[in-house]
$ cat final_1.tsv   # TSV, C-alpha atoms
chain	number	residue	atom	x	y	z
C	1	MET	CA	0.00	0.00	0.00
C	2	SER	CA	1.54	3.28	-1.06
C	3	ALA	CA	2.14	5.70	1.76
C	4	GLU	CA	2.14	8.40	-0.86
C	5	PHE	CA	-1.34	7.40	-1.99
C	6	GLU	CA	-2.64	7.54	1.57
C	7	ALA	CA	-1.09	10.99	1.99
C	8	VAL	CA	-2.90	12.18	-1.14
C	9	VAL	CA	-6.17	10.75	0.18
C	10	ASP	CA	-5.72	12.53	3.50
C	11	ARG	CA	-4.75	15.79	1.84
C	12	CYS	CA	-7.39	15.86	-0.90
C	13	GLN	CA	-10.43	14.12	0.60
C	14	ARG	CA	-11.97	17.32	1.90
C	15	ASN	CA	-11.94	19.04	-1.48
C	16	VAL	CA	-13.24	15.96	-3.32
C	17	TYR	CA	-16.01	15.30	-0.81
C	18	THR	CA	-17.05	18.95	-0.50
C	19	TYR	CA	-17.16	19.36	-4.27
C	20	ALA	CA	-19.29	16.22	-4.58
C	21	VAL	CA	-21.66	17.39	-1.83
C	22	TYR	CA	-22.26	20.75	-3.51
C	23	LEU	CA	-22.82	19.16	-6.90
C	24	LEU	CA	-24.96	16.24	-5.81
C	25	ARG	CA	-26.58	17.80	-2.71
C	26	ASP	CA	-26.78	14.33	-1.21
C	27	PRO	CA	-24.19	13.44	1.44
C	28	SER	CA	-24.72	9.69	1.02
C	29	ALA	CA	-24.19	9.87	-2.74
C	30	ALA	CA	-21.19	12.13	-2.18
C	31	GLU	CA	-19.65	9.52	0.12
C	32	ASP	CA	-20.02	6.79	-2.51
C	33	LEU	CA	-18.65	9.07	-5.18
C	34	THR	CA	-15.67	10.13	-3.07
C	35	GLN	CA	-14.76	6.50	-2.55
C	36	GLU	CA	-15.05	5.81	-6.29
C	37	VAL	CA	-12.85	8.79	-7.16
C	38	PHE	CA	-10.01	7.68	-4.91
C	39	LEU	CA	-10.26	4.03	-5.94
C	40	ARG	CA	-9.90	5.14	-9.55
C	41	LEU	CA	-6.90	7.16	-8.50
C	42	TRP	CA	-5.37	4.04	-6.95
C	43	ARG	CA	-6.09	1.95	-10.04
C	44	HIS	CA	-4.29	4.52	-12.21
C	45	TRP	CA	-1.66	5.36	-9.61
C	46	SER	CA	1.33	4.27	-11.65
C	47	GLY	CA	0.50	6.71	-14.42
C	48	ILE	CA	-0.52	9.68	-12.30
C	49	ASP	CA	1.47	12.92	-12.36
C	50	LEU	CA	1.47	13.87	-8.69
C	51	GLN	CA	2.05	17.52	-9.57
C	52	ARG	CA	-1.38	17.56	-11.19
C	53	VAL	CA	-3.25	15.12	-8.99
C	54	GLU	CA	-5.64	17.80	-7.66
C	55	ALA	CA	-6.74	18.67	-11.18
C	56	TRP	CA	-7.16	14.97	-11.97
C	57	LEU	CA	-9.26	14.38	-8.86
C	58	THR	CA	-11.43	17.43	-9.53
C	59	ARG	CA	-12.06	16.43	-13.11
C	60	VAL	CA	-12.93	12.83	-12.24
C	61	THR	CA	-15.23	14.02	-9.43
C	62	ARG	CA	-17.07	16.30	-11.82
C	63	ASN	CA	-17.35	13.62	-14.51
C	64	LEU	CA	-18.71	11.04	-12.08
C	65	CYS	CA	-21.27	13.59	-10.85
C	66	TYR	CA	-22.29	14.20	-14.45
C	67	ASP	CA	-22.67	10.44	-14.93
C	68	ARG	CA	-25.02	10.28	-11.94
C	69	TRP	CA	-27.08	13.16	-13.28
C	70	ARG	CA	-27.35	11.48	-16.67
C	71	LEU	CA	-28.68	8.39	-14.95
C	72	LYS	CA	-31.26	10.52	-13.22
C	73	ARG	CA	-31.70	12.75	-16.29
C	74	THR	CA	-31.47	16.00	-14.42
C	75	GLU	CA	-29.00	18.05	-12.44
C	76	THR	CA	-31.45	18.76	-9.66
C	77	GLN	CA	-33.05	15.38	-9.19
C	78	TYR	CA	-31.51	15.04	-5.78
C	79	VAL	CA	-33.29	16.60	-2.84
C	80	VAL	CA	-31.61	19.92	-2.28
C	81	ALA	CA	-30.26	19.17	1.14
C	82	PRO	CA	-28.90	22.29	2.82
C	83	VAL	CA	-25.21	22.13	3.41
C	84	GLU	CA	-24.81	22.22	7.16
C	85	GLY	CA	-22.15	24.27	8.77
C	86	GLU	CA	-21.48	27.10	11.14
C	87	LEU	CA	-22.37	30.69	10.56
C	88	ASP	CA	-19.62	33.23	10.69
C	89	SER	CA	-18.65	33.32	14.36
C	90	ALA	CA	-18.45	37.12	14.27
C	91	VAL	CA	-22.07	37.27	13.19
C	92	GLU	CA	-23.13	34.88	15.93
C	93	HIS	CA	-21.31	36.66	18.73
C	94	GLU	CA	-22.17	40.24	17.86
C	95	ALA	CA	-25.62	39.97	16.38
C	96	GLY	CA	-28.89	40.22	18.13
C	97	PRO	CA	-31.56	37.59	17.59
C	98	HIS	CA	-33.07	39.42	14.64
C	99	GLU	CA	-29.74	39.87	12.89
C	100	LEU	CA	-28.85	36.27	13.59
C	101	ALA	CA	-32.10	35.02	12.09
C	102	GLU	CA	-31.67	37.27	9.07
C	103	ALA	CA	-28.10	36.07	8.54
C	104	ARG	CA	-29.17	32.42	8.73
C	105	ASP	CA	-32.03	33.10	6.35
C	106	PHE	CA	-29.69	34.79	3.87
C	107	ARG	CA	-27.25	31.89	4.07
C	108	GLN	CA	-29.98	29.34	3.42
C	109	ARG	CA	-31.39	31.31	0.48
C	110	LEU	CA	-27.92	31.62	-1.00
C	111	ASP	CA	-27.27	27.92	-0.55
C	112	SER	CA	-30.59	27.07	-2.24
C	113	ALA	CA	-29.86	29.45	-5.12
C	114	LEU	CA	-26.43	27.86	-5.55
C	115	ALA	CA	-28.06	24.44	-5.82
C	116	THR	CA	-30.17	25.62	-8.75
C	117	LEU	CA	-27.28	26.98	-10.82
C	118	ASN	CA	-26.54	25.01	-13.94
C	119	GLU	CA	-23.16	23.65	-14.84
C	120	PRO	CA	-20.48	24.73	-15.32
C	121	LEU	CA	-21.35	27.87	-13.36
C	122	ARG	CA	-21.96	25.90	-10.17
C	123	SER	CA	-18.68	24.04	-10.42
C	124	VAL	CA	-16.72	27.24	-11.01
C	125	LEU	CA	-18.38	28.94	-8.05
C	126	VAL	CA	-17.85	25.99	-5.72
C	127	LEU	CA	-14.22	25.53	-6.72
C	128	ARG	CA	-13.39	29.23	-6.51
C	129	GLU	CA	-15.45	30.61	-3.66
C	130	ILE	CA	-15.84	27.59	-1.37
C	131	LEU	CA	-12.73	25.53	-2.06
C	132	GLY	CA	-10.45	28.48	-2.82
C	133	PHE	CA	-9.04	27.21	-6.11
C	134	LYS	CA	-7.07	29.72	-8.17
C	135	TYR	CA	-8.34	30.59	-11.64
C	136	ALA	CA	-5.53	28.60	-13.26
C	137	GLU	CA	-6.32	25.55	-11.14
C	138	ILE	CA	-9.99	25.70	-12.12
C	139	ALA	CA	-9.05	26.17	-15.77
C	140	GLU	CA	-6.83	23.09	-15.68
C	141	ALA	CA	-9.31	20.94	-13.77
C	142	LEU	CA	-12.33	21.82	-15.88
C	143	GLU	CA	-10.38	22.19	-19.13
C	144	LEU	CA	-11.56	25.73	-19.69
C	145	PRO	CA	-9.68	28.80	-20.92
C	146	LEU	CA	-8.61	31.05	-18.09
C	147	ASN	CA	-10.76	33.98	-19.14
C	148	THR	CA	-13.78	31.71	-19.46
C	149	VAL	CA	-13.35	30.74	-15.81
C	150	ARG	CA	-13.53	34.40	-14.84
C	151	VAL	CA	-16.57	35.00	-17.05
C	152	TYR	CA	-18.38	31.96	-15.61
C	153	LEU	CA	-17.56	33.04	-12.07
C	154	HIS	CA	-19.03	36.49	-12.61
C	155	ARG	CA	-21.99	35.11	-14.49
C	156	GLY	CA	-22.72	32.62	-11.69
C	157	ARG	CA	-22.59	35.23	-8.94
C	158	LYS	CA	-24.75	37.58	-11.04
C	159	LYS	CA	-27.36	34.83	-11.33
C	160	LEU	CA	-27.29	34.33	-7.57
C	161	ARG	CA	-27.68	38.07	-7.06
C	162	GLU	CA	-30.63	38.21	-9.46
C	163	GLN	CA	-32.33	35.27	-7.75
C	164	LEU	CA	-31.90	36.71	-4.28
C	165	THR	CA	-33.06	40.16	-5.42
C	166	GLU	CA	-36.19	38.64	-6.92
C	167	ALA	CA	-36.83	36.49	-3.86
C	168	TYR	CA	-36.60	39.44	-1.48
C	169	ALA	CA	-38.65	41.65	-3.83
C	170	ASN	CA	-41.45	39.07	-3.96
C	171	GLU	CA	-41.67	39.11	-0.19
C	172	ALA	CA	-41.76	42.87	0.08
X	1	MET	CA	-16.24	67.76	-22.03
X	2	LYS	CA	-19.12	65.93	-20.43
X	3	PRO	CA	-17.78	63.23	-18.07
X	4	GLU	CA	-18.68	59.63	-19.01
X	5	THR	CA	-21.55	58.16	-16.98
X	6	LEU	CA	-22.82	54.64	-16.66
X	7	SER	CA	-26.33	53.42	-17.20
X	8	CYS	CA	-27.82	51.07	-14.58
X	9	ASP	CA	-27.74	48.19	-17.08
X	10	ARG	CA	-24.08	48.71	-17.79
X	11	ALA	CA	-23.29	49.13	-14.11
X	12	SER	CA	-25.11	45.89	-13.28
X	13	GLY	CA	-22.96	44.01	-15.78
X	14	LEU	CA	-19.78	45.29	-14.14
X	15	VAL	CA	-20.69	44.69	-10.51
X	16	GLU	CA	-19.10	41.25	-10.14
X	17	ALA	CA	-15.86	42.31	-11.80
X	18	CYS	CA	-15.83	45.40	-9.59
X	19	VAL	CA	-16.30	43.32	-6.42
X	20	ASP	CA	-13.42	41.07	-7.49
X	21	GLY	CA	-11.16	44.03	-8.20
X	22	ASP	CA	-10.87	43.04	-11.85
X	23	LEU	CA	-11.80	46.44	-13.27
X	24	PRO	CA	-9.28	49.06	-14.34
X	25	PRO	CA	-9.24	52.20	-12.15
X	26	ALA	CA	-11.21	54.31	-14.61
X	27	GLU	CA	-14.14	51.87	-14.68
X	28	ARG	CA	-14.01	51.39	-10.92
X	29	ALA	CA	-14.36	55.15	-10.56
X	30	LEU	CA	-17.33	55.16	-12.94
X	31	ILE	CA	-19.05	52.46	-10.88
X	32	ALA	CA	-18.36	54.34	-7.66
X	33	ASP	CA	-19.75	57.59	-9.11
X	34	HIS	CA	-22.83	55.77	-10.37
X	35	ALA	CA	-23.44	54.04	-7.04
X	36	ALA	CA	-23.18	57.38	-5.24
X	37	ALA	CA	-26.06	58.68	-7.33
X	38	CYS	CA	-28.15	55.50	-7.66
X	39	PRO	CA	-29.34	53.82	-4.44
X	40	ALA	CA	-30.63	50.75	-6.33
X	41	CYS	CA	-27.25	50.05	-7.90
X	42	ALA	CA	-25.48	50.80	-4.63
X	43	GLU	CA	-27.70	48.12	-3.06
X	44	GLN	CA	-26.77	45.67	-5.80
X	45	ILE	CA	-23.07	46.25	-5.19
X	46	ALA	CA	-23.57	45.69	-1.48
X	47	LEU	CA	-25.53	42.51	-2.20
X	48	ALA	CA	-22.82	41.27	-4.56
X	49	GLU	CA	-20.20	41.84	-1.87
X	50	ARG	CA	-22.33	40.05	0.70
X	51	ILE	CA	-22.89	37.09	-1.64
X	52	ARG	CA	-19.19	36.70	-2.28
X	53	ALA	CA	-18.37	36.95	1.41
X	54	GLN	CA	-21.06	34.44	2.38
X	55	LEU	CA	-20.08	31.97	-0.35
X	56	ARG	CA	-16.59	31.96	1.10
X	57	ARG	CA	-18.05	31.06	4.50
X	58	LEU	CA	-20.06	28.10	3.22
X	59	PRO	CA	-18.69	25.00	4.87
X	60	ARG	CA	-16.05	22.68	3.55
X	61	GLN	CA	-16.57	19.22	4.90
X	62	ASP	CA	-14.36	16.26	5.59
X	63	ALA	CA	-15.50	12.92	4.26
X	64	PRO	CA	-16.63	10.68	7.14
X	65	PRO	CA	-13.72	8.74	8.66
X	66	ARG	CA	-15.32	5.40	7.71
X	67	VAL	CA	-15.22	6.46	4.03
X	68	ILE	CA	-11.50	7.23	4.25
X	69	ALA	CA	-10.87	3.97	6.10
X	70	SER	CA	-12.81	2.06	3.44
X	71	ILE	CA	-10.80	3.65	0.64
X	72	LYS	CA	-7.51	2.71	2.26
X	73	ALA	CA	-8.70	-0.80	3.12
X	74	ARG	CA	-9.84	-1.49	-0.43
X	75	ALA	CA	-6.65	-0.07	-1.90
X	76	ARG	CA	-4.67	-2.54	0.23
X	77	THR	CA	-6.47	-5.43	-1.40
X	78	GLU	CA	-6.14	-4.12	-4.97
X	79	ARG	CA	-3.01	-3.73	-6.98
X	80	PRO	CA	-2.76	-0.56	-9.01
X	81	ALA	CA	-2.59	-1.01	-12.76
X	82	ALA	CA	0.91	-1.44	-14.15
X	83	ALA	CA	2.49	1.74	-15.38
X	84	VAL	CA	1.10	2.45	-18.80
X	85	ASP	CA	3.36	3.92	-21.44
X	86	PRO	CA	2.22	7.49	-22.07
X	87	ARG	CA	1.80	6.18	-25.59
X	88	TRP	CA	-0.88	3.90	-24.01
X	89	ARG	CA	-2.83	4.84	-26.95
X	90	ARG	CA	-0.70	2.37	-29.01
X	91	PRO	CA	-3.81	0.56	-30.13
X	92	LEU	CA	-5.44	3.91	-30.73
X	93	TRP	CA	-2.46	5.28	-32.64
X	94	ALA	CA	-2.29	2.10	-34.69
X	95	ALA	CA	-5.97	2.46	-35.55
X	96	LEU	CA	-5.48	6.13	-36.40
X	97	ALA	CA	-2.53	5.30	-38.63
X	98	ALA	CA	-4.55	2.59	-40.37
X	99	ALA	CA	-7.48	4.95	-40.73
X	100	VAL	CA	-5.28	7.68	-42.24
X	101	LEU	CA	-3.86	5.15	-44.68
X	102	LEU	CA	-7.28	3.94	-45.67
X	103	VAL	CA	-8.53	7.50	-46.15
X	104	ALA	CA	-5.42	8.31	-48.20
X	105	VAL	CA	-6.24	5.34	-50.42
X	106	ALA	CA	-9.86	6.50	-50.67
X	107	VAL	CA	-8.84	10.05	-51.54
X	108	SER	CA	-6.26	8.85	-54.07
X	109	LEU	CA	-9.01	6.94	-55.87
X	110	LEU	CA	-10.86	10.21	-56.27
X	111	THR	CA	-7.85	12.17	-57.55
X	112	PRO	CA	-8.80	13.69	-60.92
X	113	ASP	CA	-5.52	12.85	-62.66
X	114	ARG	CA	-6.02	9.12	-62.17
X	115	HIS	CA	-8.39	7.07	-64.18
X	116	ALA	CA	-11.97	7.62	-63.06
X	117	PRO	CA	-12.67	5.18	-60.24
X	118	SER	CA	-15.33	2.64	-60.79
X	119	ASP	CA	-18.49	2.58	-58.73
X	120	ALA	CA	-17.23	-0.50	-56.94
X	121	GLU	CA	-13.96	1.26	-56.07
X	122	LEU	CA	-15.80	4.28	-54.69
X	123	ILE	CA	-18.19	2.20	-52.66
X	124	ARG	CA	-15.31	0.14	-51.32
X	125	ALA	CA	-13.36	3.31	-50.38
X	126	ALA	CA	-16.36	4.72	-48.57
X	127	ASP	CA	-16.95	1.44	-46.74
X	128	GLU	CA	-13.33	1.18	-45.68
X	129	ALA	CA	-13.25	4.75	-44.44
X	130	ARG	CA	-16.50	4.17	-42.60
X	131	TYR	CA	-15.04	1.07	-40.93
X	132	ALA	CA	-11.88	2.94	-39.95
X	133	LEU	CA	-13.91	5.75	-38.42
X	134	ALA	CA	-16.01	3.29	-36.43
X	135	ARG	CA	-12.91	1.46	-35.26
X	136	VAL	CA	-11.27	4.70	-34.13
X	137	ALA	CA	-14.45	5.66	-32.28
X	138	GLN	CA	-14.53	2.27	-30.58
X	139	LEU	CA	-10.90	2.42	-29.49
X	140	THR	CA	-11.19	6.04	-28.35
X	141	SER	CA	-14.21	5.12	-26.28
X	142	GLN	CA	-12.41	2.13	-24.75
X	143	ALA	CA	-9.26	4.10	-24.03
X	144	THR	CA	-11.28	6.89	-22.49
X	145	ARG	CA	-13.09	4.47	-20.20
X	146	ASP	CA	-9.82	2.84	-19.19
X	147	ALA	CA	-8.23	6.12	-18.28
X	148	GLY	CA	-11.18	7.18	-16.20
X	149	ARG	CA	-11.89	9.91	-18.70
X	150	GLU	CA	-8.76	11.69	-17.58
X	151	LEU	CA	-7.79	12.32	-21.14
X	152	SER	CA	-10.04	14.55	-23.09
X	153	PRO	CA	-10.92	13.15	-26.49
X	154	ARG	CA	-10.28	16.60	-27.84
X	155	LEU	CA	-6.60	16.18	-27.24
X	156	LEU	CA	-6.19	13.09	-29.32
X	157	ALA	CA	-8.81	11.44	-31.33
X	158	ARG	CA	-11.35	14.12	-32.11
X	159	PRO	CA	-9.23	16.08	-34.61
X	160	ALA	CA	-8.43	12.80	-36.36
X	161	MET	CA	-12.07	11.74	-36.24
X	162	ASP	CA	-13.19	15.08	-37.63
X	163	GLY	CA	-10.71	14.70	-40.47
X	164	LEU	CA	-11.92	11.19	-41.18
X	165	ALA	CA	-15.53	12.35	-41.14
X	166	ARG	CA	-14.72	15.04	-43.71
X	167	SER	CA	-12.92	12.54	-45.96
X	168	LEU	CA	-15.80	10.12	-45.63
X	169	GLY	CA	-18.19	12.91	-46.58
X	170	ARG	CA	-16.16	13.68	-49.72
X	171	ALA	CA	-16.13	10.02	-50.72
X	172	ARG	CA	-19.87	9.79	-50.18
X	173	ASN	CA	-20.53	12.98	-52.20
X	174	ALA	CA	-18.46	11.62	-55.05
X	175	ALA	CA	-20.42	8.35	-55.00
X	176	ASP	CA	-23.71	10.27	-54.94
X	177	ALA	CA	-22.58	12.39	-57.89
X	178	ILE	CA	-21.83	9.28	-59.91
X	179	HIS	CA	-25.24	7.80	-59.12
X	180	GLU	CA	-26.90	11.08	-60.15
X	181	ASP	CA	-24.99	11.05	-63.47
X	182	GLU	CA	-26.14	7.52	-64.08
X	183	GLY	CA	-29.72	8.55	-63.35
X	184	GLY	CA	-29.42	11.52	-65.79
X	185	ALA	CA	-27.99	9.32	-68.55
X	186	GLU	CA	-30.82	6.86	-68.21
X	187	SER	CA	-33.59	9.45	-68.32

$ encode --input "final_1.tsv" --output "structure tokens"
Amino acid sequence: MSAEFEAVVDRCQRNVYTYAVYLLRDPSAAEDLTQEVFLRLWRHWSGIDLQRVEAWLTRVTRNLCYDRWRLKRTETQYVVAPVEGELDSAVEHEAGPHELAEARDFRQRLDSALATLNEPLRSVLVLREILGFKYAEIAEALELPLNTVRVYLHRGRKKLREQLTEAYANEA
Amino acid sequence: MKPETLSCDRASGLVEACVDGDLPPAERALIADHAAACPACAEQIALAERIRAQLRRLPRQDAPPRVIASIKARARTERPAAAVDPRWRRPLWAALAAAVLLVAVAVSLLTPDRHAPSDAELIRAADEARYALARVAQLTSQATRDAGRELSPRLLARPAMDGLARSLGRARNAADAIHEDEGGAES
């Protein structure tokens, strides 16, 4: 068993799993997919360029998610499970109850809007804003020109902004 | 000279780039001036900044420990594939070379300075090119599956397949033209 392989698993599992969760919106499916991604990595280990393993893992994760969607014939077939996590601790400590509720509401609306974005906008947003990938890393992983990554990022956030604006306007 | 001003539509299209600091100073200044005079656009800029900040606070999650343990346990029982020559595509390259040769033969049969090819020769050339194209598609598909789709077909086989498709189209057009001539002669 390669110690190097285990080190890659330990180092990269968070990004692979998180990416799968945000694409599939189903933690159980994301677990299965994460396992499949790393087993494929092991099966191809001898031919892997370790300098580019993150890009390889990201690309395979995305492709396997696409395969699952094709089986279910839609990108949003899965129940849009909210991604659990903590609010910004500064918000929690300094905000009153009303501000806290509003912040949680905003976060949930944003998360729901993110789940409805089509590909590849969703992937670019998740990789850039949540996982902190650089533009060049996203371009390599998704096989996109660098400028296209930037355009998709802006387009995705604009769509989120439009959705949230409309949602709040409808409630007013 | 009247200073340049932005419309709300134009400003809305620049908001994300502005929030990311991707705009040149002159355009940033235009956005700032517009926002100072337009509360609706100022609100959109604030919303865009809030969205970006909140996206960056969405959680990153570790895979459950049992998933990691399962990956490592299964890897211990499986041997990785033997190192594959980067020219793993040997079968694919061989098929591509054969396909190019077959297309070259097909095209040479259609060269005007040779004797006019017979119908049988044209049909045979088209069939052989069609077979080569199908074989390349089959091997590309197999190779892609084997490599876990890590290699984009665009890098290798698609340009060759596009070329083969064009050659096949020319062969087919030539065969159609001959059949049309025969139909005209008989009428």

$ atom_distance --input "final_1.tsv" --atom1 "atom CA of C:Leu24" --atom2 "atom CA of X:Ala63"
14.2 Å

$ atom_distance --input "final_1.tsv" --atom1 "atom CA of C:Trp45" --atom2 "atom CA of C:Ser123"
25.3 Å

$ closest_atom_pairs --input "final_1.tsv" --of "chain C" --to "chain X" --cutoff "6 Å" --atoms "all atoms listed in the file" --output "CSV"
residue,atom,partner,partner_atom,distance
C:Met1,CA,X:Arg76,CA,5.3
C:Arg14,CA,X:Asp62,CA,4.5
C:Tyr17,CA,X:Ala63,CA,5.6
C:Thr18,CA,X:Gln61,CA,5.4
C:Gln35,CA,X:Ile71,CA,5.8
C:Trp42,CA,X:Pro80,CA,5.7
C:Arg43,CA,X:Pro80,CA,4.3
C:His44,CA,X:Ala81,CA,5.8
C:Ser46,CA,X:Ala83,CA,4.7
C:Gly47,CA,X:Ala83,CA,5.4
C:Gly85,CA,X:Pro59,CA,5.3
C:Glu129,CA,X:Arg56,CA,5.1
C:Ile130,CA,X:Arg56,CA,5.1
C:His154,CA,X:Glu16,CA,5.4

$ write_last_selection --input "final_1.tsv" --atoms "C-alpha atoms" --output "short mmCIF file (atom, residue, chain, number, x, y, z; two decimals), in the frame of the given file"
data_model
loop_
_atom_site.label_atom_id
_atom_site.label_comp_id
_atom_site.auth_asym_id
_atom_site.auth_seq_id
_atom_site.Cartn_x
_atom_site.Cartn_y
_atom_site.Cartn_z
CA MET C 1 0.00 0.00 0.00
CA ARG C 14 -11.97 17.32 1.90
CA TYR C 17 -16.01 15.30 -0.81
CA THR C 18 -17.05 18.95 -0.50
CA GLN C 35 -14.76 6.50 -2.55
CA TRP C 42 -5.37 4.04 -6.95
CA ARG C 43 -6.09 1.95 -10.04
CA HIS C 44 -4.29 4.52 -12.21
CA SER C 46 1.33 4.27 -11.65
CA GLY C 47 0.50 6.71 -14.42
CA GLY C 85 -22.15 24.27 8.77
CA GLU C 129 -15.45 30.61 -3.66
CA ILE C 130 -15.84 27.59 -1.37
CA HIS C 154 -19.03 36.49 -12.61
#

$ atom_distance --input "final_1.tsv" --atom1 "atom CA of X:Ala37" --atom2 "atom CA of C:Ala169"
21.5 Å

$ closest_residue --input "final_1.tsv" --among "C:Glu36, C:Glu143, C:Asp105, C:Glu119" --to "C:Ala167" --atoms "all atoms listed in the file"
C:Asp105

$ axis_aligned_box --input "final_1.tsv" --around "stretch 108-111 of chain C" --padding-each-side "5 Å" --output "lines of an AutoDock Vina configuration file"
center_x = -29.3
center_y = 29.8
center_z = 1.2
size_x = 14.1
size_y = 13.7
size_z = 14.4

$ closest_residue --input "final_1.tsv" --among "X:Cys41, X:Leu23, X:Ala29, X:Ala36" --to "X:Ala11" --atoms "all atoms listed in the file"
X:Cys41

$ closest_residue --input "final_1.tsv" --among "C:Ala103, C:Val8, C:Val60, C:Ala115" --to "C:Leu142" --atoms "all atoms listed in the file"
C:Val60

$ closest_residue --input "final_1.tsv" --among "C:Tyr168, C:Leu153, C:Cys12, C:Asp26" --to "C:Phe106" --atoms "only C-alpha atoms"
C:Tyr168
